[in-house]
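The block underneath contains the structure these notes are about, expressed in structure tokens.
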There are 4 protein chains.
Amino acid sequence: MAIHHFKPTAWHNVLGTLPPVLTVESGDTIVAETLDANGYDADGVQRTQPPNPMTGPFFVNGAEPGDALAVRIDALVPSRASGWTRGALAQHVVDPDRVETLPPRDKIFWHLDRNAGTARLETPTPNLSGWEIPFEPMIGCFGVAPALGQAFSTATSAENGGNMDYRRLGPGTTVWFPVAVSGALFFLGDGHARQGDGEIVGTGIETSFEMTVTLSVVKNRKQRWPRGEDAETIFAIGNARPLDQALQHATTEMLDWLTSDHGLGIAEASHVLGQCVRYDIGNVYDPAYTVACVLEKRWLPKR
Amino acid sequence: MAIHHFKPTAWHNVLGTLPPVLTVESGDTIVAETLDANGYDADGVQRTQPPNPMTGPFFVNGAEPGDALAVRIDALVPSRASGWTRGALAQHVVDPDRVETLPPRDKIFWHLDRNAGTARLETPTPNLSGWEIPFEPMIGCFGVAPALGQAFSTATSAENGGNMDYRRLGPGTTVWFPVAVSGALFFLGDGHARQGDGEIVGTGIETSFEMTVTLSVVKNRKQRWPRGEDAETIFAIGNARPLDQALQHATTEMLDWLTSDHGLGIAEASHVLGQCVRYDIGNVYDPAYTVACVLEKRWLPKR
Amino acid sequence: MAIHHFKPTAWHNVLGTLPPVLTVESGDTIVAETLDANGYDADGVQRTQPPNPMTGPFFVNGAEPGDALAVRIDALVPSRASGWTRGALAQHVVDPDRVETLPPRDKIFWHLDRNAGTARLETPTPNLSGWEIPFEPMIGCFGVAPALGQAFSTATSAENGGNMDYRRLGPGTTVWFPVAVSGALFFLGDGHARQGDGEIVGTGIETSFEMTVTLSVVKNRKQRWPRGEDAETIFAIGNARPLDQALQHATTEMLDWLTSDHGLGIAEASHVLGQCVRYDIGNVYDPAYTVACVLEKRWLPKR
Amino acid sequence: MAIHHFKPTAWHNVLGTLPPVLTVESGDTIVAETLDANGYDADGVQRTQPPNPMTGPFFVNGAEPGDALAVRIDALVPSRASGWTRGALAQHVVDPDRVETLPPRDKIFWHLDRNAGTARLETPTPNLSGWEIPFEPMIGCFGVAPALGQAFSTATSAENGGNMDYRRLGPGTTVWFPVAVSGALFFLGDGHARQGDGEIVGTGIETSFEMTVTLSVVKNRKQRWPRGEDAETIFAIGNARPLDQALQHATTEMLDWLTSDHGLGIAEASHVLGQCVRYDIGNVYDPAYTVACVLEKRWLPKR
């Protein structure tokens, strides 16, 4: 149960089967520095190119295809006092005949008050003068190497995780990824100080981070898509376009989870989900959209 | 500000320009009896045919095209002790290659304990023995007559409302519909004792209700889609397929609302929504799906 | 087998259960005048409002729910020398980040040479000087009254037909619509001198027409969606959003046709369609998109 | 302008930046043996694993990012007398409530008569006894290495080509791919003796092939998606889900082509496409669907 402090000097723009930067044991904790989505570090220096440069990959001893890698998010601490967003909604989240009314999607800077844990625009317009919002830090892009020798851009996401941009992926949450290669090969980066559902301006509040995660191998855990748990909920994630298909994947994964691990029949799981499920939209911005099928643990039948 | 008790003897399966059953003044309250989605009343007697028989329409004096009709939901009280759902997930909410594993979509009955405010399966399977869930009553289908002389089945929804099947449409919420014909012509019915996001078994817990709503005319309120407000949030609704398009409509309506009524510029509204918005999925079952763009009122800049 | 010449004085913007303008026998032919999509007649006078004013409805004796109405398109003759289109691609048929590069969607006029059967821009730009294209006349919007007392805008389409904007719906083609009300109640209008796939500028070359169709009742013909036949093909139509769902409907309807009328098993129909099917995109512009599942008759197994 | 005969001994299941098996000059012709989609060779021996094993990659001297690689398909000759398909429609191409009626998706074998150029079922059911259909050979999966160090499964497709499963990609057609890495790194395989639109049973008639292609570098040709040309048409391809987005990509690419190479303004290109375009659906089976925006060359304005 070692703690590894890792300061990268090179980054990746894909999640793939690449040489590991560090080998860890199951149960070890990694404290890793990450760049922002455009490759800027804690000093505001651009170290590499976008999109979403990844720190890693980390090889986890004992992880083999057919296992799951549990990633407990212990802490996410912004490592500088400045973040940025895009200044307008993405064109495809409004009605097509309204696109021409949108302002330019300039890079907009925010001041991050790390003592108060709040963000405010560096140059607020009159209506937003004094407008402050609290941090809700999250990891935008993380996951493991995909199967088949594939390598996916950190702009997108798939069964192996990746750029899911989902606000629930923050401190206190544990995520399980299906392992496709020996050692899992875990990558992380693209931290957001905060983000609304859908990532509809194309960004959260992007900044560099110190991220602390604990990695554990769960042997022989059959799952197709990422799963997660926080204090109050369990959730399954689907990554695809359109949203309808992401929702199908997330729902199917939750159904598998409830029937395999929680002992419910499909009809029973249908009753529970039908009347109690919540769906979250992670992002509708990336090449693959992200939908989470969420169930509050209080609705799970006692066993 | 009269209170009208209305007990229907005929129902409609469309929202259209039909003869009103009652004329009310702006500000009046209606206490209306409604059938369940299959046309059964408080005594368990089938009075008419599905889908979703509507009580109404109610003509609201003073409502003209270009106005909005505010519907404050005062109370929703199940009027019998039995509800029903479908016994399996809908085929299109799971991965297509998994459809064949789903059980039959039989009608399943629930006991509604109206003192405790809880529902439980009438014939629970072992894993769900003792499993009880609280009421969260909501209106499945309500709205006003659409424009152009159109008439839409109560199975679907559009700019005029209809079968939105969205859990936030319950007591304490006010919804505004865009008025398209003189008198607005308001319909309501299809109450659910409870429903998960997406209505993924194709039903909430369906039962007959006594619904109390207060109708008010807002003159010259330009809006295209339904809007709503509850204690903590404001929200805008889009109804369309696929989810992506419903989300576009909902986001555009919220953008219009923030820029027209809340005085924000589009870039300012983009900052607020980009980092604070929530999306809810009303249903992914009906011919038109429903997405709500939700903003907690605490994130609105002070004016 | 009478021939009825019908010159309307009122039009409809919905397909619904409306009072018939004429009652005909099965096998009768109607020669009907139709306005263009914006309501202009053969003299270039606007007679009513858009969208797509319909001539009709025609009551066909003997047509009852559960039957099909066969509509043989005998002739489509433009009734004036001027047509119009929109001057740019619709915003939603290009990548969202390219919308801002599109020119305005002005109304553009075309000269229709009815002797030569060709169309050319009235005010061509230099690169299109001398550019002429032949007529391929088609009916943009036609169909029968929908079920349940519904009434649908002529901007959209459904099981009952409507605004399908599909180029194969021209002279020589027979279309079958599922009858939902007594008399079928047939409407037609919105003629195009020509149109590309998808109706991607939002119009064909729109003009007024004299349309000749022969209506026949096919008793007890179970079908859900419109079907058609021309010299070389049979086809089934699905109307929905997104294209994926329209394709599902069209494919399912063709499967039903091949198994019920052509005596194939589902596996056999799968072999034939799998290696021989063609898909046409009628429109991707209207609220419901249109996809046709097309099979050349030469691929049908001999019986 | 050499001719290279290439008989592979290893294959790839991804298109990525992998070591080349052969270096060729611009203008050279390659005669390559390819396996069927499941990895079986001309002798019916399985040599490797699915999906769609690729022959290659071939390094083309002089090809650099920003160029295009022209692939002229000279000949596609099945190398054995047996092919196979799947025995039922894919679940997602029919209405979801009809999935349970589909038969199993067994592997079905076809006899390929290479003299007559026709295919017939090896074990025909009575209705398909004597049913023969002609070869229309095509390449299911081919393309170049993607950018960024990505590697994509041969089950899917993207800007770099891949598993497009589009029937027009046969002898006589030239396809241009955007080059993303030095040498382009060209892969090919997955030949079909024939395929209907949409690849709706999940396969064409799959078999091993001898494929002859001629590769040429076009310097400084800005394009985002694959483009093609055959005797009568030019076409642009979009690969994405859902079909709506694939259509957006294809239309945008065609618009770029008409405005850059053919000298039309956007409004002019809108007129030409609006009234003359055809859309083909390549496949609706793979993770990314394929739509082609097709224009017959006779509709191009004379320059």
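Scheme for the structure tokens: letters A, B, ... for chains in order shown; per-chain residue numbers from 1; ligand numbers from 1 in order shown.
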Exercise. Taking only C-alpha atoms into account, what are the residues of chain A at most 12 Å from chain C, put as a ChimeraX atom specification?
Worked result: /A:89-105,242-245,285
For this session: Name all residues at most 7 Å from A:Thr85 (count only C-alpha atoms; drop same-chain ones fewer than 2 positions away) and give them as a count of residues only.
Result: 8
Problem set entry | Secondary structure check, strand (DSSP E or B) residues of stretch 144-249 of chain D, as a PyMOL selection string | chain D and resi 144+151-153+157-158+161-163+174-178+186-192+198+206+209-218+227-229+233-240
Would you output that residue set with C-alpha atoms, as an mmCIF file, in the first residue's frame?
data_model
loop_
_atom_site.group_PDB
_atom_site.id
_atom_site.type_symbol
_atom_site.label_atom_id
_atom_site.label_comp_id
_atom_site.auth_asym_id
_atom_site.auth_seq_id
_atom_site.Cartn_x
_atom_site.Cartn_y
_atom_site.Cartn_z
ATOM 1 C CA VAL D 144 -4.808 4.731 -43.902
ATOM 2 C CA ALA D 151 -5.337 2.942 -33.728
ATOM 3 C CA PHE D 152 -8.894 1.982 -34.631
ATOM 4 C CA SER D 153 -10.450 -1.457 -34.725
ATOM 5 C CA SER D 157 -14.449 3.605 -39.475
ATOM 6 C CA ALA D 158 -13.474 7.250 -39.212
ATOM 7 C CA GLY D 161 -11.505 5.187 -43.806
ATOM 8 C CA GLY D 162 -11.738 1.745 -42.285
ATOM 9 C CA ASN D 163 -14.757 -0.510 -42.204
ATOM 10 C CA THR D 174 -10.985 5.713 -57.038
ATOM 11 C CA VAL D 175 -11.017 6.721 -53.380
ATOM 12 C CA TRP D 176 -8.965 9.481 -51.779
ATOM 13 C CA PHE D 177 -8.018 9.232 -48.104
ATOM 14 C CA PRO D 178 -6.569 12.120 -46.067
ATOM 15 C CA PHE D 186 -2.411 1.831 -46.361
ATOM 16 C CA PHE D 187 -4.339 -1.257 -45.205
ATOM 17 C CA LEU D 188 -6.960 -3.345 -47.041
ATOM 18 C CA GLY D 189 -9.096 -6.458 -46.631
ATOM 19 C CA ASP D 190 -12.624 -7.649 -45.824
ATOM 20 C CA GLY D 191 -13.791 -8.196 -49.390
ATOM 21 C CA HIS D 192 -17.445 -8.820 -50.197
ATOM 22 C CA GLY D 198 -26.688 -0.833 -44.914
ATOM 23 C CA GLU D 206 -17.747 -12.520 -47.143
ATOM 24 C CA PHE D 209 -9.893 -12.027 -52.380
ATOM 25 C CA GLU D 210 -7.107 -11.063 -54.648
ATOM 26 C CA MET D 211 -7.354 -7.276 -54.653
ATOM 27 C CA THR D 212 -5.541 -5.049 -57.159
ATOM 28 C CA VAL D 213 -5.171 -1.382 -56.299
ATOM 29 C CA THR D 214 -3.029 1.464 -57.576
ATOM 30 C CA LEU D 215 -1.793 3.990 -55.009
ATOM 31 C CA SER D 216 -0.886 7.585 -55.852
ATOM 32 C CA VAL D 217 -0.018 10.574 -53.733
ATOM 33 C CA VAL D 218 -1.883 13.824 -54.309
ATOM 34 C CA ARG D 227 -13.807 11.089 -51.279
ATOM 35 C CA GLY D 228 -14.482 8.910 -54.298
ATOM 36 C CA GLU D 229 -15.225 8.872 -57.991
ATOM 37 C CA THR D 233 -20.476 10.002 -59.931
ATOM 38 C CA ILE D 234 -18.342 11.769 -57.401
ATOM 39 C CA PHE D 235 -19.044 11.101 -53.747
ATOM 40 C CA ALA D 236 -17.953 12.093 -50.242
ATOM 41 C CA ILE D 237 -18.169 9.771 -47.256
ATOM 42 C CA GLY D 238 -19.027 10.469 -43.614
ATOM 43 C CA ASN D 239 -18.542 7.827 -40.904
ATOM 44 C CA ALA D 240 -20.324 8.379 -37.579
#
For this session: Quick one: everything within 9 Å of C:Ala119, counting only C-alpha atoms, minus sequence neighbours fewer than 6 positions away in the same chain. Send it as a list in words.
Result: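 Returned residues: Ser82, Gly83, Trp110, His111, Leu112, Asp113, Trp131, Glu132, Ile133, Pro134, Phe135, Ala193, Arg194 and Ile205 of chain C.
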Write the residues you've just listed into a file as a PDB file, in the first residue's frame, and include N, CA and C atoms for each of them.
ATOM      1  N   SER C  82     -43.121  29.286 -63.153  1.00  0.00           N
ATOM      2  CA  SER C  82     -42.172  29.745 -62.142  1.00  0.00           C
ATOM      3  C   SER C  82     -42.199  28.823 -60.930  1.00  0.00           C
ATOM      4  N   GLY C  83     -41.023  28.505 -60.431  1.00  0.00           N
ATOM      5  CA  GLY C  83     -40.893  27.724 -59.209  1.00  0.00           C
ATOM      6  C   GLY C  83     -39.919  28.423 -58.270  1.00  0.00           C
ATOM      7  N   TRP C 110     -36.987  30.095 -60.009  1.00  0.00           N
ATOM      8  CA  TRP C 110     -36.552  29.304 -61.157  1.00  0.00           C
ATOM      9  C   TRP C 110     -37.566  29.461 -62.283  1.00  0.00           C
ATOM     10  N   HIS C 111     -37.057  29.485 -63.513  1.00  0.00           N
ATOM     11  CA  HIS C 111     -37.951  29.444 -64.666  1.00  0.00           C
ATOM     12  C   HIS C 111     -38.188  27.988 -65.035  1.00  0.00           C
ATOM     13  N   LEU C 112     -39.461  27.641 -65.206  1.00  0.00           N
ATOM     14  CA  LEU C 112     -39.834  26.278 -65.579  1.00  0.00           C
ATOM     15  C   LEU C 112     -40.233  26.269 -67.053  1.00  0.00           C
ATOM     16  N   ASP C 113     -39.432  25.652 -67.872  1.00  0.00           N
ATOM     17  CA  ASP C 113     -39.746  25.515 -69.303  1.00  0.00           C
ATOM     18  C   ASP C 113     -40.574  24.239 -69.461  1.00  0.00           C
ATOM     19  N   TRP C 131     -27.031  26.637 -66.769  1.00  0.00           N
ATOM     20  CA  TRP C 131     -27.215  25.351 -66.074  1.00  0.00           C
ATOM     21  C   TRP C 131     -28.698  25.016 -66.025  1.00  0.00           C
ATOM     22  N   GLU C 132     -29.075  23.924 -66.668  1.00  0.00           N
ATOM     23  CA  GLU C 132     -30.478  23.501 -66.715  1.00  0.00           C
ATOM     24  C   GLU C 132     -30.597  22.067 -66.225  1.00  0.00           C
ATOM     25  N   ILE C 133     -31.667  21.792 -65.541  1.00  0.00           N
ATOM     26  CA  ILE C 133     -31.885  20.428 -65.058  1.00  0.00           C
ATOM     27  C   ILE C 133     -33.310  19.997 -65.381  1.00  0.00           C
ATOM     28  N   PRO C 134     -33.483  18.713 -65.711  1.00  0.00           N
ATOM     29  CA  PRO C 134     -34.804  18.248 -66.142  1.00  0.00           C
ATOM     30  C   PRO C 134     -35.796  18.119 -64.987  1.00  0.00           C
ATOM     31  N   PHE C 135     -37.068  18.284 -65.308  1.00  0.00           N
ATOM     32  CA  PHE C 135     -38.124  17.994 -64.334  1.00  0.00           C
ATOM     33  C   PHE C 135     -38.060  16.517 -63.931  1.00  0.00           C
ATOM     34  N   ALA C 193     -41.264  20.292 -58.914  1.00  0.00           N
ATOM     35  CA  ALA C 193     -40.825  19.995 -60.281  1.00  0.00           C
ATOM     36  C   ALA C 193     -39.628  19.042 -60.262  1.00  0.00           C
ATOM     37  N   ARG C 194     -38.894  19.094 -59.159  1.00  0.00           N
ATOM     38  CA  ARG C 194     -37.713  18.249 -58.992  1.00  0.00           C
ATOM     39  C   ARG C 194     -37.227  18.414 -57.563  1.00  0.00           C
ATOM     40  N   ILE C 205     -38.061  22.126 -56.118  1.00  0.00           N
ATOM     41  CA  ILE C 205     -38.467  23.290 -56.910  1.00  0.00           C
ATOM     42  C   ILE C 205     -39.984  23.356 -56.793  1.00  0.00           C
TER      43      ILE C 205
END
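From atom CA of A:Val272 back to atom CA of A:Leu300, the distance works out to 7.5 Å.
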Exercise. In Å, how far is it from atom CA of A:Arg224 to atom CA of A:Glu253?
Worked result: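 So the two atoms, atom CA of A:Arg224 and atom CA of A:Glu253, lie 6.9 Å apart.
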Exercise. What lies within 8 Å of D:Asn52 using only C-alpha atoms, ignoring chain neighbours under 5 positions off, as a list in words?
Worked result: Asn13, Leu35, Asp36, Ala37, Asn38, Gly39, Cys141, Thr154, Ala155, Gly189 and Asp190 of chain D
For this session: Run DSSP on the backbone of this structure and report the residues of stretch 43-277 of chain B it assigns to helix (DSSP H, G or I), as a count of residues only.
Result: 41
Exercise. Can you tell me how far atom CA of D:Gly149 sits from atom CA of A:Pro287, in Å to one decimal?
Worked result: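 Those two atoms sit 17.0 Å apart.
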Exercise. Can you list, as a PyMOL selection string, every protein, DNA or RNA residue that comes within 12 Å of D:Pro301 when you count only C-alpha atoms, leaving out same-chain residues fewer than 6 positions away?
Worked result: (chain C and resi 120+124-133) or (chain D and resi 258+262-264+268-269+271-273+276+295)
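Among D:Ala116, D:Leu148, D:Pro78, D:Pro137, the residue with the shortest atom-to-atom distance to A:Leu15, counting only C-alpha atoms, is D:Leu148.
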